[in-house]
Amino acid sequence: MTQDEMKRLVGAAAAAYVNQNMPEGITLGVGTGSTANFFIDAIAKHKNRYRGAVSSSDASTARLLHYGIDVFDLNQIDDLPVYVDGADEINELGHMLKGGGGALTREKILASVAKEFVCVVDASKCVSVLGFFPLPVEVIPMARTSVAHALRTLGGMPKIRVRPDGDIYMSDNGCIILDVHRLKIIDPEAFEVAVNQIPGVVTVGLFAHRGADICLMGSVSGVKKIDYRGEMT
Ligand code: 5RP
């Protein structure tokens, strides 16, 4: 099975999980990336069960609208029972490294509001120590140099994200992203706090204080559900 096939499998499993466990009429929180896209594709077949969605990126919004799913501003909703999103890395406690798709700030906002965070990954994303994947940090453009300096002091090697055409990548929020290489994040909660304290940082792509509640992990042998609040099935 290819990585894409595993992502499709967990996307479908997440749609089945949400259909089984969430009441009709709720607004769904929807993440960003190729795995989240498979979730959107799968949930679109059940769109009439839901009021609509709140989205973590312009790209996901476009995909939801393409399927005729209403997209609401977060300020318009009272309640977000579930948020489904991928991750670049996840450890055994459900701490995640996210933001490979550049949507980390809106993803963190939705994760903070959601009652339940369902992380959807293929098995290659499961790690014992976070940081092999470069850590995305969204930064106010004028603070690029000072934040990069501070990140080097914390032991990393920041590189500004560029688009395939060579231009500087700009997030949906008009900010730049520094991808921090060569990290071994032994204490994700402490590191999240340390990076958050650097002036000019908008969001760090470490989701440790608000990690996943559930992970649906796709592998060659199927989808495993890991519940960080308790049982494993
Ligand atoms: C986007 C993200 C994604 O969830 C993360 O990059 C995983 O993406 P994919 O499902 O394409 O592997 O955090 O900002």
# chains A, B, ... in the order shown; residues from 1 in each chain; ligands from 1
call {"tool": "residues_near_ligand", "arguments": {"ligand": "ligand 1", "cutoff": "9 Å", "atoms": "only C-alpha atoms and all ligand atoms", "output": "number ranges by chain"}}
result
A: 7, 31-38, 56-57, 85-89, 97-107, 119-122, 125, 136, 205
call {"tool": "write_last_selection", "arguments": {"atoms": "C-alpha atoms", "output": "PDB file, in the first residue's frame"}}
result
ATOM      1  CA  LYS A   7      -3.980   8.514   3.846  1.00  0.00           C
ATOM      2  CA  GLY A  31      -7.870  20.710   8.920  1.00  0.00           C
ATOM      3  CA  THR A  32      -5.459  21.136   6.045  1.00  0.00           C
ATOM      4  CA  GLY A  33      -3.226  18.891   3.946  1.00  0.00           C
ATOM      5  CA  SER A  34      -3.484  15.788   1.814  1.00  0.00           C
ATOM      6  CA  THR A  35      -4.880  13.566   4.597  1.00  0.00           C
ATOM      7  CA  ALA A  36      -7.437  16.200   5.594  1.00  0.00           C
ATOM      8  CA  ASN A  37      -8.373  16.400   1.904  1.00  0.00           C
ATOM      9  CA  PHE A  38      -9.221  12.695   1.917  1.00  0.00           C
ATOM     10  CA  SER A  56      -8.233  25.940   8.852  1.00  0.00           C
ATOM     11  CA  SER A  57      -7.097  27.261   5.462  1.00  0.00           C
ATOM     12  CA  ASP A  85      -6.626  17.188  10.912  1.00  0.00           C
ATOM     13  CA  GLY A  86      -3.364  15.550   9.884  1.00  0.00           C
ATOM     14  CA  ALA A  87       0.100  15.959  11.367  1.00  0.00           C
ATOM     15  CA  ASP A  88       3.690  15.863  10.218  1.00  0.00           C
ATOM     16  CA  GLU A  89       4.752  13.942  13.322  1.00  0.00           C
ATOM     17  CA  LEU A  97       4.371  18.678  15.037  1.00  0.00           C
ATOM     18  CA  LYS A  98       2.220  20.400  12.415  1.00  0.00           C
ATOM     19  CA  GLY A  99       2.300  23.131   9.803  1.00  0.00           C
ATOM     20  CA  GLY A 100       3.943  21.447   6.839  1.00  0.00           C
ATOM     21  CA  GLY A 101       1.059  22.833   4.803  1.00  0.00           C
ATOM     22  CA  GLY A 102       1.522  26.307   6.297  1.00  0.00           C
ATOM     23  CA  ALA A 103      -1.840  26.437   8.069  1.00  0.00           C
ATOM     24  CA  LEU A 104      -0.555  26.046  11.632  1.00  0.00           C
ATOM     25  CA  THR A 105      -2.074  29.216  13.111  1.00  0.00           C
ATOM     26  CA  ARG A 106      -5.660  28.547  12.083  1.00  0.00           C
ATOM     27  CA  GLU A 107      -5.168  24.872  12.881  1.00  0.00           C
ATOM     28  CA  CYS A 119      -5.572  13.283  14.234  1.00  0.00           C
ATOM     29  CA  VAL A 120      -5.365  11.362  10.962  1.00  0.00           C
ATOM     30  CA  VAL A 121      -1.971  10.048   9.887  1.00  0.00           C
ATOM     31  CA  ASP A 122      -0.236   7.241   8.094  1.00  0.00           C
ATOM     32  CA  LYS A 125       4.222  10.043  11.006  1.00  0.00           C
ATOM     33  CA  PRO A 136       7.262  25.374  11.231  1.00  0.00           C
ATOM     34  CA  GLY A 205       3.718  24.239  14.993  1.00  0.00           C
TER      35      GLY A 205
END
call {"tool": "select_by_dssp", "arguments": {"residues": "stretch 43-221 of chain A", "states": "strand (DSSP E or B)", "output": "compact mmCIF listing (two decimals) with N, CA, C and O atoms, in the first residue's frame"}}
result
# COMPACT_ATOMS: atom_id res chain seq x y z
N GLY A 52 -22.41 22.27 8.49
CA GLY A 52 -21.34 22.79 7.64
C GLY A 52 -20.01 22.60 8.34
O GLY A 52 -19.88 21.70 9.16
N ALA A 53 -19.05 23.47 8.00
CA ALA A 53 -17.70 23.29 8.55
C ALA A 53 -17.07 24.64 8.87
O ALA A 53 -17.48 25.67 8.33
N VAL A 54 -16.09 24.61 9.76
CA VAL A 54 -15.13 25.72 9.86
C VAL A 54 -13.81 25.16 9.38
O VAL A 54 -13.49 23.99 9.61
N SER A 55 -13.05 25.99 8.70
CA SER A 55 -11.90 25.48 7.97
C SER A 55 -10.61 26.15 8.45
O SER A 55 -10.61 27.32 8.84
N VAL A 71 -19.28 26.81 4.64
CA VAL A 71 -18.12 27.10 5.50
C VAL A 71 -18.43 28.34 6.33
O VAL A 71 -18.78 29.39 5.77
N VAL A 82 -15.89 18.60 17.18
CA VAL A 82 -14.79 17.77 16.69
C VAL A 82 -13.97 18.53 15.64
O VAL A 82 -14.51 19.31 14.87
N TYR A 83 -12.66 18.28 15.68
CA TYR A 83 -11.74 18.85 14.68
C TYR A 83 -10.90 17.70 14.13
O TYR A 83 -10.29 16.94 14.90
N VAL A 84 -10.87 17.56 12.82
CA VAL A 84 -10.13 16.47 12.18
C VAL A 84 -8.99 17.07 11.36
O VAL A 84 -9.22 17.92 10.50
N ASP A 85 -7.77 16.63 11.63
CA ASP A 85 -6.63 17.19 10.91
C ASP A 85 -5.47 16.19 10.90
O ASP A 85 -5.40 15.28 11.75
N GLU A 89 4.23 14.94 12.39
CA GLU A 89 4.75 13.94 13.32
C GLU A 89 3.80 13.86 14.52
O GLU A 89 3.20 14.86 14.90
N ILE A 90 3.72 12.68 15.12
CA ILE A 90 2.95 12.53 16.36
C ILE A 90 3.68 11.54 17.26
O ILE A 90 4.23 10.54 16.78
N MET A 96 1.88 16.72 18.78
CA MET A 96 2.09 16.72 17.33
C MET A 96 3.00 17.86 16.88
O MET A 96 3.08 18.91 17.53
N LEU A 97 3.67 17.62 15.76
CA LEU A 97 4.37 18.68 15.04
C LEU A 97 3.57 18.88 13.76
O LEU A 97 3.31 17.92 13.04
N GLU A 116 -12.96 17.74 20.72
CA GLU A 116 -12.19 16.53 20.44
C GLU A 116 -11.34 16.75 19.19
O GLU A 116 -11.84 17.19 18.16
N PHE A 117 -10.05 16.44 19.32
CA PHE A 117 -9.12 16.55 18.18
C PHE A 117 -8.84 15.14 17.68
O PHE A 117 -8.25 14.33 18.39
N VAL A 118 -9.27 14.87 16.44
CA VAL A 118 -9.00 13.57 15.83
C VAL A 118 -7.87 13.76 14.82
O VAL A 118 -8.03 14.45 13.81
N CYS A 119 -6.73 13.15 15.12
CA CYS A 119 -5.57 13.28 14.23
C CYS A 119 -5.56 12.11 13.26
O CYS A 119 -5.74 10.95 13.67
N VAL A 120 -5.36 12.41 11.99
CA VAL A 120 -5.37 11.36 10.96
C VAL A 120 -4.00 11.30 10.29
O VAL A 120 -3.56 12.28 9.68
N VAL A 121 -3.33 10.18 10.44
CA VAL A 121 -1.97 10.05 9.89
C VAL A 121 -1.74 8.66 9.31
O VAL A 121 -2.44 7.70 9.67
N ASP A 122 -0.74 8.57 8.46
CA ASP A 122 -0.24 7.24 8.09
C ASP A 122 0.90 6.91 9.06
O ASP A 122 1.42 7.80 9.75
N CYS A 126 4.42 8.52 12.90
CA CYS A 126 4.55 8.21 14.34
C CYS A 126 6.02 8.14 14.72
O CYS A 126 6.80 7.38 14.14
N LEU A 130 9.91 14.16 18.67
CA LEU A 130 9.52 15.12 17.62
C LEU A 130 10.74 15.94 17.20
O LEU A 130 11.63 16.21 18.00
N LEU A 135 10.47 22.06 12.15
CA LEU A 135 9.37 22.65 12.92
C LEU A 135 8.95 23.99 12.30
O LEU A 135 9.73 24.94 12.29
N PRO A 136 7.70 24.10 11.81
CA PRO A 136 7.26 25.37 11.23
C PRO A 136 6.94 26.41 12.33
O PRO A 136 6.31 26.08 13.33
N VAL A 137 7.42 27.62 12.12
CA VAL A 137 7.11 28.72 13.03
C VAL A 137 6.62 29.89 12.18
O VAL A 137 7.35 30.37 11.30
N GLU A 138 5.38 30.31 12.42
CA GLU A 138 4.82 31.44 11.66
C GLU A 138 5.24 32.73 12.35
O GLU A 138 5.13 32.86 13.57
N VAL A 139 5.73 33.70 11.54
CA VAL A 139 6.41 34.86 12.10
C VAL A 139 5.94 36.14 11.40
O VAL A 139 5.74 36.16 10.18
N MET A 157 18.06 25.23 13.45
CA MET A 157 18.61 25.88 12.27
C MET A 157 17.43 26.34 11.39
O MET A 157 16.90 25.56 10.60
N PRO A 158 16.98 27.61 11.59
CA PRO A 158 15.80 28.07 10.85
C PRO A 158 16.10 28.40 9.40
O PRO A 158 17.16 28.96 9.08
N LYS A 159 15.17 28.03 8.53
CA LYS A 159 15.27 28.39 7.11
C LYS A 159 13.94 28.98 6.69
O LYS A 159 12.89 28.40 7.00
N ILE A 160 13.99 30.09 5.99
CA ILE A 160 12.74 30.70 5.55
C ILE A 160 12.09 29.82 4.48
O ILE A 160 12.78 29.30 3.58
N VAL A 162 10.24 28.91 1.20
CA VAL A 162 10.03 29.52 -0.12
C VAL A 162 9.08 28.65 -0.95
O VAL A 162 8.97 27.45 -0.72
N ILE A 168 9.22 34.09 -1.55
CA ILE A 168 8.99 33.76 -0.14
C ILE A 168 7.54 33.31 0.05
O ILE A 168 6.61 33.94 -0.46
N ILE A 176 5.31 35.12 7.33
CA ILE A 176 6.29 34.18 6.77
C ILE A 176 6.38 32.95 7.67
O ILE A 176 5.89 32.96 8.80
N ILE A 177 7.02 31.91 7.15
CA ILE A 177 7.24 30.71 7.97
C ILE A 177 8.73 30.37 7.99
O ILE A 177 9.39 30.33 6.94
N LEU A 178 9.23 30.20 9.20
CA LEU A 178 10.60 29.69 9.36
C LEU A 178 10.48 28.21 9.69
O LEU A 178 9.77 27.83 10.63
N ASP A 179 11.12 27.36 8.89
CA ASP A 179 11.15 25.92 9.17
C ASP A 179 12.44 25.63 9.92
O ASP A 179 13.54 25.89 9.41
N VAL A 180 12.30 25.11 11.14
CA VAL A 180 13.47 24.96 12.00
C VAL A 180 13.97 23.52 11.94
O VAL A 180 13.29 22.58 12.37
N HIS A 181 15.18 23.39 11.40
CA HIS A 181 15.80 22.07 11.22
C HIS A 181 16.66 21.71 12.43
O HIS A 181 16.97 22.55 13.27
N ILE A 185 13.23 17.37 20.01
CA ILE A 185 12.39 18.03 21.01
C ILE A 185 12.05 17.04 22.12
O ILE A 185 11.07 16.29 22.04
N VAL A 201 6.82 35.87 17.07
CA VAL A 201 6.27 34.56 16.72
C VAL A 201 4.75 34.63 16.80
O VAL A 201 4.19 35.08 17.80
N VAL A 202 4.10 34.23 15.73
CA VAL A 202 2.63 34.17 15.72
C VAL A 202 2.20 32.81 16.29
O VAL A 202 1.38 32.74 17.19
N THR A 203 2.78 31.76 15.75
CA THR A 203 2.41 30.40 16.17
C THR A 203 3.58 29.46 15.94
O THR A 203 4.26 29.56 14.91
N VAL A 204 3.79 28.56 16.86
CA VAL A 204 4.76 27.48 16.66
C VAL A 204 3.96 26.21 16.37
O VAL A 204 2.94 25.95 17.01
N LEU A 206 4.08 23.31 17.19
CA LEU A 206 4.10 22.24 18.18
C LEU A 206 2.74 22.24 18.86
O LEU A 206 2.32 23.26 19.40
N PHE A 207 2.07 21.11 18.83
CA PHE A 207 0.75 20.98 19.46
C PHE A 207 0.92 20.01 20.63
O PHE A 207 0.55 18.83 20.54
N ILE A 214 -7.47 11.69 19.92
CA ILE A 214 -7.55 10.40 19.25
C ILE A 214 -6.67 10.45 18.01
O ILE A 214 -6.60 11.49 17.35
N CYS A 215 -6.02 9.34 17.70
CA CYS A 215 -5.29 9.25 16.44
C CYS A 215 -5.84 8.06 15.65
O CYS A 215 -5.98 6.96 16.21
N LEU A 216 -6.17 8.31 14.40
CA LEU A 216 -6.49 7.21 13.49
C LEU A 216 -5.26 7.04 12.62
O LEU A 216 -4.90 7.95 11.85
N MET A 217 -4.59 5.91 12.81
CA MET A 217 -3.30 5.71 12.13
C MET A 217 -3.45 4.61 11.09
O MET A 217 -3.82 3.48 11.41
N GLY A 218 -3.15 4.98 9.85
CA GLY A 218 -3.26 4.02 8.76
C GLY A 218 -1.95 3.30 8.53
O GLY A 218 -0.88 3.92 8.51
N SER A 219 -2.03 1.98 8.39
CA SER A 219 -0.82 1.21 8.08
C SER A 219 -1.22 0.11 7.09
O SER A 219 -2.39 0.00 6.74
call {"tool": "closest_residue", "arguments": {"among": "A:Thr27, A:Glu92, A:Gln197, A:Gly222", "to": "A:Asp73", "atoms": "only C-alpha atoms"}}
result
A:Thr27
call {"tool": "closest_residue", "arguments": {"among": "A:His209, A:Arg182, A:Lys47, A:Arg161", "to": "A:Leu65", "atoms": "only C-alpha atoms"}}
result
A:Lys47
call {"tool": "atom_distance", "arguments": {"atom1": "atom CA of A:Phe39", "atom2": "atom CA of A:Gly174"}}
result
26.7 Å
call {"tool": "select_by_dssp", "arguments": {"residues": "stretch 1-126 of chain A", "states": "helix (DSSP H, G or I)", "output": "PyMOL selection string"}}
result
chain A and resi 3-21+34-49+58-66+74-76+104-113+123-125
call {"tool": "atom_distance", "arguments": {"atom1": "atom CA of A:Ser128", "atom2": "atom CA of A:Leu151"}}
result
22.3 Å
call {"tool": "closest_residue", "arguments": {"among": "A:Arg49, A:Arg63, A:Arg8, A:His95", "to": "A:Arg210", "atoms": "only C-alpha atoms"}}
result
A:His95
call {"tool": "residues_around", "arguments": {"residues": "stretch 78-80 of chain A", "least_positions_apart": "5", "cutoff": "7 Å", "atoms": "only C-alpha atoms", "output": "PDB file with N, CA and C atoms, in the first residue's frame"}}
result
ATOM      1  N   THR A  27     -21.413  21.547  13.443  1.00  0.00           N
ATOM      2  CA  THR A  27     -20.423  22.107  12.529  1.00  0.00           C
ATOM      3  C   THR A  27     -19.114  21.358  12.766  1.00  0.00           C
ATOM      4  N   LEU A  28     -18.496  20.935  11.664  1.00  0.00           N
ATOM      5  CA  LEU A  28     -17.252  20.154  11.758  1.00  0.00           C
ATOM      6  C   LEU A  28     -16.034  21.073  11.652  1.00  0.00           C
ATOM      7  N   GLY A  29     -15.012  20.793  12.414  1.00  0.00           N
ATOM      8  CA  GLY A  29     -13.738  21.480  12.251  1.00  0.00           C
ATOM      9  C   GLY A  29     -12.881  20.692  11.270  1.00  0.00           C
ATOM     10  N   VAL A 113     -10.304  25.307  20.290  1.00  0.00           N
ATOM     11  CA  VAL A 113     -11.742  25.466  20.521  1.00  0.00           C
ATOM     12  C   VAL A 113     -12.459  24.109  20.528  1.00  0.00           C
ATOM     13  N   ALA A 114     -11.910  23.156  19.775  1.00  0.00           N
ATOM     14  CA  ALA A 114     -12.613  21.868  19.588  1.00  0.00           C
ATOM     15  C   ALA A 114     -12.658  21.040  20.866  1.00  0.00           C
ATOM     16  N   LYS A 115     -13.767  20.348  21.049  1.00  0.00           N
ATOM     17  CA  LYS A 115     -13.877  19.435  22.204  1.00  0.00           C
ATOM     18  C   LYS A 115     -12.998  18.198  21.966  1.00  0.00           C
TER      19      LYS A 115
END
